[in-house]
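Student: Below is one structure. I have some questions about it.
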Amino acid sequence: MQKNKKGLNLTFGQRFLLAFLPPALAGVFGSLTMIGGLQTWYSTLTKPFFNPPAWLFGPVWTLLYFLMGLATWIILNRRYSILEFRKRNLQREAVKFYLVQIILNFLWTPVFFAFQAPVVALFILVALLIVFVQMTNLYARLNRSTLWCLIPNLVWLCFATILNLSIVLLN
């Protein structure tokens, strides 16, 4: 990413890729690393009564990743004048948090399913939740409409954290 007086100096294509490619890759990678563990190890675990059916996770994460990309697209498409240096800095900071939370999202699935380490996965989820809350705060300061895209993800992350903790406690 190049920086200039207008904030992030990205072309249309670069903004599109930065917004939508990371969550798409995280989703594809996550589904590939989950398949074996879901059919074998995960099916043997004791799960809480509120555990959703396995078929629900794919559509939910697809929607959440799309909404995350859309929120990022919204903040990347706002250009700031030289007088709006605080907003430019917020935009850069928001993108950093976006990339960190994508990495944490990316890590959770193989840690939980492939490495069968729900305790470590729980720590990743807690870190992800903290980073996502900060990212949501930064996005909202740049454009409040992004909250419509990020709040569902935040709710799901809270649910996923409770579900992960329950699996740790029950097994």
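Residue numbering restarts at 1 in every chain; chains get A, B, ... in the order shown in the structure tokens, and ligands count up from 1 in that same order.
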Quick one: residues within 10 Å of Phe123 of chain A, only C-alpha atoms counted, chain neighbours fewer than 6 positions away excluded, as JSON, numbers by chain?
Tutor: {"A": [108, 129, 161, 164, 165]}
Student: As a ChimeraX atom specification, please: all residues of segment 42-139 of chain A that backbone DSSP puts in alpha helix (DSSP H).
Tutor: /A:42-44,54-76,85-109,118-139
Student: Report as number ranges by chain all protein, DNA and RNA residues lying within 8 Å of segment 22-28 of chain A, evaluated on only C-alpha atoms, omitting residues in the same chain fewer than 3 positions from it.
Tutor: A: 17-19, 31-32, 61-62, 65-66, 68-69, 99, 102-103, 105-106
Student: Output N, CA, C and O atoms for every residue in that selection, as a PDB file, in the first residue's frame.
Tutor:
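Writing the result to result.pdb gives the following:
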ATOM      1  N   LEU A  17      -9.719  -5.856  -4.289  1.00  0.00           N
ATOM      2  CA  LEU A  17      -8.994  -7.045  -3.822  1.00  0.00           C
ATOM      3  C   LEU A  17      -8.726  -6.995  -2.328  1.00  0.00           C
ATOM      4  O   LEU A  17      -8.872  -8.010  -1.638  1.00  0.00           O
ATOM      5  N   LEU A  18      -8.326  -5.854  -1.802  1.00  0.00           N
ATOM      6  CA  LEU A  18      -8.055  -5.727  -0.375  1.00  0.00           C
ATOM      7  C   LEU A  18      -9.320  -5.950   0.448  1.00  0.00           C
ATOM      8  O   LEU A  18      -9.275  -6.539   1.528  1.00  0.00           O
ATOM      9  N   ALA A  19     -10.448  -5.514  -0.068  1.00  0.00           N
ATOM     10  CA  ALA A  19     -11.711  -5.663   0.660  1.00  0.00           C
ATOM     11  C   ALA A  19     -12.221  -7.100   0.622  1.00  0.00           C
ATOM     12  O   ALA A  19     -12.644  -7.637   1.652  1.00  0.00           O
ATOM     13  N   SER A  31     -12.680 -23.768   5.112  1.00  0.00           N
ATOM     14  CA  SER A  31     -13.510 -24.923   4.757  1.00  0.00           C
ATOM     15  C   SER A  31     -12.647 -26.129   4.389  1.00  0.00           C
ATOM     16  O   SER A  31     -12.995 -27.265   4.696  1.00  0.00           O
ATOM     17  N   LEU A  32     -11.511 -25.894   3.745  1.00  0.00           N
ATOM     18  CA  LEU A  32     -10.628 -27.005   3.373  1.00  0.00           C
ATOM     19  C   LEU A  32      -9.985 -27.658   4.597  1.00  0.00           C
ATOM     20  O   LEU A  32      -9.821 -28.875   4.639  1.00  0.00           O
ATOM     21  N   TRP A  61     -20.826 -18.194   7.593  1.00  0.00           N
ATOM     22  CA  TRP A  61     -19.508 -17.589   7.388  1.00  0.00           C
ATOM     23  C   TRP A  61     -19.385 -16.947   6.012  1.00  0.00           C
ATOM     24  O   TRP A  61     -18.715 -15.928   5.863  1.00  0.00           O
ATOM     25  N   THR A  62     -20.032 -17.513   5.016  1.00  0.00           N
ATOM     26  CA  THR A  62     -20.017 -16.889   3.686  1.00  0.00           C
ATOM     27  C   THR A  62     -20.636 -15.496   3.757  1.00  0.00           C
ATOM     28  O   THR A  62     -20.064 -14.520   3.243  1.00  0.00           O
ATOM     29  N   TYR A  65     -18.324 -13.126   5.931  1.00  0.00           N
ATOM     30  CA  TYR A  65     -17.131 -12.708   5.201  1.00  0.00           C
ATOM     31  C   TYR A  65     -17.474 -11.691   4.118  1.00  0.00           C
ATOM     32  O   TYR A  65     -16.741 -10.733   3.886  1.00  0.00           O
ATOM     33  N   PHE A  66     -18.604 -11.892   3.436  1.00  0.00           N
ATOM     34  CA  PHE A  66     -19.036 -10.915   2.439  1.00  0.00           C
ATOM     35  C   PHE A  66     -19.314  -9.559   3.091  1.00  0.00           C
ATOM     36  O   PHE A  66     -18.876  -8.514   2.585  1.00  0.00           O
ATOM     37  N   MET A  68     -18.106  -8.392   5.856  1.00  0.00           N
ATOM     38  CA  MET A  68     -16.826  -7.827   6.284  1.00  0.00           C
ATOM     39  C   MET A  68     -16.117  -7.163   5.100  1.00  0.00           C
ATOM     40  O   MET A  68     -15.589  -6.055   5.218  1.00  0.00           O
ATOM     41  N   GLY A  69     -16.128  -7.832   3.963  1.00  0.00           N
ATOM     42  CA  GLY A  69     -15.538  -7.259   2.759  1.00  0.00           C
ATOM     43  C   GLY A  69     -16.265  -5.996   2.322  1.00  0.00           C
ATOM     44  O   GLY A  69     -15.640  -5.003   1.935  1.00  0.00           O
ATOM     45  N   LEU A  99      -6.778  -6.585   8.631  1.00  0.00           N
ATOM     46  CA  LEU A  99      -5.855  -7.645   8.205  1.00  0.00           C
ATOM     47  C   LEU A  99      -5.480  -8.561   9.372  1.00  0.00           C
ATOM     48  O   LEU A  99      -5.385  -9.778   9.198  1.00  0.00           O
ATOM     49  N   ILE A 102      -8.402 -10.847  10.041  1.00  0.00           N
ATOM     50  CA  ILE A 102      -8.490 -11.868   8.984  1.00  0.00           C
ATOM     51  C   ILE A 102      -7.488 -12.992   9.272  1.00  0.00           C
ATOM     52  O   ILE A 102      -7.810 -14.174   9.137  1.00  0.00           O
ATOM     53  N   ILE A 103      -6.288 -12.625   9.686  1.00  0.00           N
ATOM     54  CA  ILE A 103      -5.271 -13.636  10.018  1.00  0.00           C
ATOM     55  C   ILE A 103      -5.749 -14.501  11.173  1.00  0.00           C
ATOM     56  O   ILE A 103      -5.624 -15.736  11.142  1.00  0.00           O
ATOM     57  N   ASN A 105      -8.877 -15.027  12.084  1.00  0.00           N
ATOM     58  CA  ASN A 105      -9.965 -15.832  11.538  1.00  0.00           C
ATOM     59  C   ASN A 105      -9.401 -17.015  10.763  1.00  0.00           C
ATOM     60  O   ASN A 105      -9.886 -18.138  10.875  1.00  0.00           O
ATOM     61  N   PHE A 106      -8.388 -16.729   9.974  1.00  0.00           N
ATOM     62  CA  PHE A 106      -7.710 -17.714   9.145  1.00  0.00           C
ATOM     63  C   PHE A 106      -7.095 -18.824  10.011  1.00  0.00           C
ATOM     64  O   PHE A 106      -7.144 -19.995   9.648  1.00  0.00           O
TER      65      PHE A 106
END
Student: Could you name the residues that touch Ser166 of chain A at 9 Å or less, counting only C-alpha atoms, but leaving out those on the same chain fewer than 5 positions away, as a PyMOL selection string?
Tutor: chain A and resi 47-48+161+171
Student: Just write the chosen residues, N, CA, C and O atoms, as an mmCIF file, in the first residue's frame.
Tutor:
data_model
loop_
_atom_site.group_PDB
_atom_site.id
_atom_site.type_symbol
_atom_site.label_atom_id
_atom_site.label_comp_id
_atom_site.auth_asym_id
_atom_site.auth_seq_id
_atom_site.Cartn_x
_atom_site.Cartn_y
_atom_site.Cartn_z
ATOM 1 N N LYS A 47 -21.116 -31.719 22.731
ATOM 2 C CA LYS A 47 -21.389 -30.325 22.390
ATOM 3 C C LYS A 47 -22.557 -29.813 23.215
ATOM 4 O O LYS A 47 -23.409 -30.583 23.638
ATOM 5 N N PRO A 48 -22.613 -28.508 23.423
ATOM 6 C CA PRO A 48 -23.731 -27.949 24.200
ATOM 7 C C PRO A 48 -25.041 -28.042 23.423
ATOM 8 O O PRO A 48 -25.044 -28.208 22.196
ATOM 9 N N THR A 161 -17.412 -17.845 20.465
ATOM 10 C CA THR A 161 -16.548 -17.901 21.645
ATOM 11 C C THR A 161 -17.224 -18.703 22.754
ATOM 12 O O THR A 161 -16.584 -19.558 23.401
ATOM 13 N N ASN A 171 -15.477 -31.285 27.292
ATOM 14 C CA ASN A 171 -14.638 -32.395 26.805
ATOM 15 C C ASN A 171 -13.330 -32.501 27.540
ATOM 16 O O ASN A 171 -12.675 -31.911 28.067
#
Student: With only C-alpha atoms as the counted atoms, please give the residues lying no more than 8 Å from segment 93-98 of chain A, apart from itself and same-chain residues fewer than 2 positions off, as a list of chain:residue names.
Tutor: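 Contacts, in chain order: A:Thr72, A:Asn89, A:Leu90, A:Gln91, A:Val100, A:Gln101, A:Ile102, A:Val131, A:Phe132, A:Gln134, A:Met135, A:Leu138, A:Tyr139.
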Student: Go ahead and write the selection's residues with all heavy atoms as a CSV table (one decimal), in the first residue's frame.
Tutor:
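Generated output (again.csv):
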chain,number,residue,atom,x,y,z
A,72,THR,N,-15.3,-3.1,4.5
A,72,THR,CA,-14.0,-2.6,4.2
A,72,THR,C,-14.0,-1.9,2.9
A,72,THR,O,-13.4,-0.8,2.7
A,72,THR,CB,-13.0,-3.9,4.1
A,72,THR,OG1,-13.1,-4.5,5.4
A,72,THR,CG2,-11.6,-3.4,3.8
A,89,ASN,N,-5.5,8.7,9.0
A,89,ASN,CA,-4.8,7.9,9.9
A,89,ASN,C,-5.7,6.8,10.4
A,89,ASN,O,-5.3,5.6,10.6
A,89,ASN,CB,-4.2,8.7,11.1
A,89,ASN,CG,-3.0,9.5,10.6
A,89,ASN,OD1,-2.4,9.3,9.6
A,89,ASN,ND2,-2.7,10.6,11.4
A,90,LEU,N,-7.0,7.1,10.7
A,90,LEU,CA,-7.9,6.1,11.1
A,90,LEU,C,-8.2,5.1,10.1
A,90,LEU,O,-8.3,3.9,10.4
A,90,LEU,CB,-9.3,6.8,11.5
A,90,LEU,CG,-9.5,7.5,12.8
A,90,LEU,CD1,-10.9,8.1,12.9
A,90,LEU,CD2,-9.3,6.4,13.9
A,91,GLN,N,-8.2,5.5,8.8
A,91,GLN,CA,-8.4,4.6,7.7
A,91,GLN,C,-7.3,3.6,7.7
A,91,GLN,O,-7.5,2.4,7.5
A,91,GLN,CB,-8.5,5.4,6.4
A,91,GLN,CG,-8.9,4.5,5.2
A,91,GLN,CD,-9.0,5.4,4.0
A,91,GLN,OE1,-8.0,6.1,3.7
A,91,GLN,NE2,-10.0,5.2,3.2
A,100,VAL,N,-5.3,-8.0,10.6
A,100,VAL,CA,-5.0,-8.8,11.7
A,100,VAL,C,-6.1,-9.7,12.1
A,100,VAL,O,-5.9,-10.9,12.3
A,100,VAL,CB,-4.6,-7.9,13.0
A,100,VAL,CG1,-4.5,-8.8,14.2
A,100,VAL,CG2,-3.3,-7.2,12.7
A,101,GLN,N,-7.4,-9.2,12.0
A,101,GLN,CA,-8.5,-10.1,12.4
A,101,GLN,C,-8.7,-11.2,11.3
A,101,GLN,O,-9.1,-12.3,11.6
A,101,GLN,CB,-9.8,-9.3,12.7
A,101,GLN,CG,-10.4,-8.6,11.5
A,101,GLN,CD,-11.4,-9.4,10.7
A,101,GLN,OE1,-11.9,-10.4,11.2
A,101,GLN,NE2,-11.5,-9.1,9.5
A,102,ILE,N,-8.4,-10.8,10.0
A,102,ILE,CA,-8.5,-11.9,9.0
A,102,ILE,C,-7.5,-13.0,9.3
A,102,ILE,O,-7.8,-14.2,9.1
A,102,ILE,CB,-8.2,-11.3,7.6
A,102,ILE,CG1,-9.4,-10.4,7.1
A,102,ILE,CG2,-7.9,-12.3,6.6
A,102,ILE,CD1,-10.6,-11.3,6.7
A,131,VAL,N,-9.7,-7.8,18.7
A,131,VAL,CA,-9.3,-7.1,17.5
A,131,VAL,C,-10.5,-6.6,16.7
A,131,VAL,O,-10.6,-5.5,16.2
A,131,VAL,CB,-8.3,-8.0,16.7
A,131,VAL,CG1,-8.1,-7.3,15.3
A,131,VAL,CG2,-7.0,-8.2,17.4
A,132,PHE,N,-11.5,-7.5,16.6
A,132,PHE,CA,-12.7,-7.2,15.8
A,132,PHE,C,-13.5,-6.0,16.5
A,132,PHE,O,-14.0,-5.2,15.7
A,132,PHE,CB,-13.6,-8.4,15.7
A,132,PHE,CG,-14.6,-8.3,14.5
A,132,PHE,CD1,-14.2,-8.7,13.3
A,132,PHE,CD2,-15.8,-7.8,14.7
A,132,PHE,CE1,-15.1,-8.5,12.2
A,132,PHE,CE2,-16.7,-7.6,13.7
A,132,PHE,CZ,-16.3,-8.0,12.4
A,134,GLN,N,-12.2,-3.6,18.2
A,134,GLN,CA,-11.4,-2.4,17.9
A,134,GLN,C,-11.6,-2.0,16.4
A,134,GLN,O,-11.8,-0.8,16.1
A,134,GLN,CB,-9.9,-2.6,18.2
A,134,GLN,CG,-9.1,-1.4,18.0
A,134,GLN,CD,-9.5,-0.1,18.8
A,134,GLN,OE1,-10.1,-0.2,19.8
A,134,GLN,NE2,-9.2,1.0,18.2
A,135,MET,N,-11.6,-3.0,15.5
A,135,MET,CA,-11.8,-2.7,14.1
A,135,MET,C,-13.2,-2.1,13.9
A,135,MET,O,-13.3,-1.1,13.1
A,135,MET,CB,-11.6,-4.0,13.3
A,135,MET,CG,-11.7,-3.8,11.8
A,135,MET,SD,-12.0,-5.3,10.9
A,135,MET,CE,-13.7,-5.5,11.0
A,138,LEU,N,-13.2,1.5,14.8
A,138,LEU,CA,-12.5,2.4,13.8
A,138,LEU,C,-13.4,2.5,12.6
A,138,LEU,O,-13.5,3.6,12.1
A,138,LEU,CB,-11.1,1.7,13.5
A,138,LEU,CG,-10.1,1.8,14.6
A,138,LEU,CD1,-8.9,0.9,14.2
A,138,LEU,CD2,-9.6,3.2,14.9
A,139,TYR,N,-14.0,1.4,12.1
A,139,TYR,CA,-14.8,1.5,11.0
A,139,TYR,C,-16.0,2.5,11.2
A,139,TYR,O,-16.3,3.3,10.4
A,139,TYR,CB,-15.4,0.1,10.6
A,139,TYR,CG,-14.5,-0.7,9.7
A,139,TYR,CD1,-13.1,-0.8,10.0
A,139,TYR,CD2,-15.0,-1.4,8.6
A,139,TYR,CE1,-12.3,-1.6,9.2
A,139,TYR,CE2,-14.2,-2.2,7.9
A,139,TYR,CZ,-12.8,-2.3,8.2
A,139,TYR,OH,-12.0,-3.1,7.4
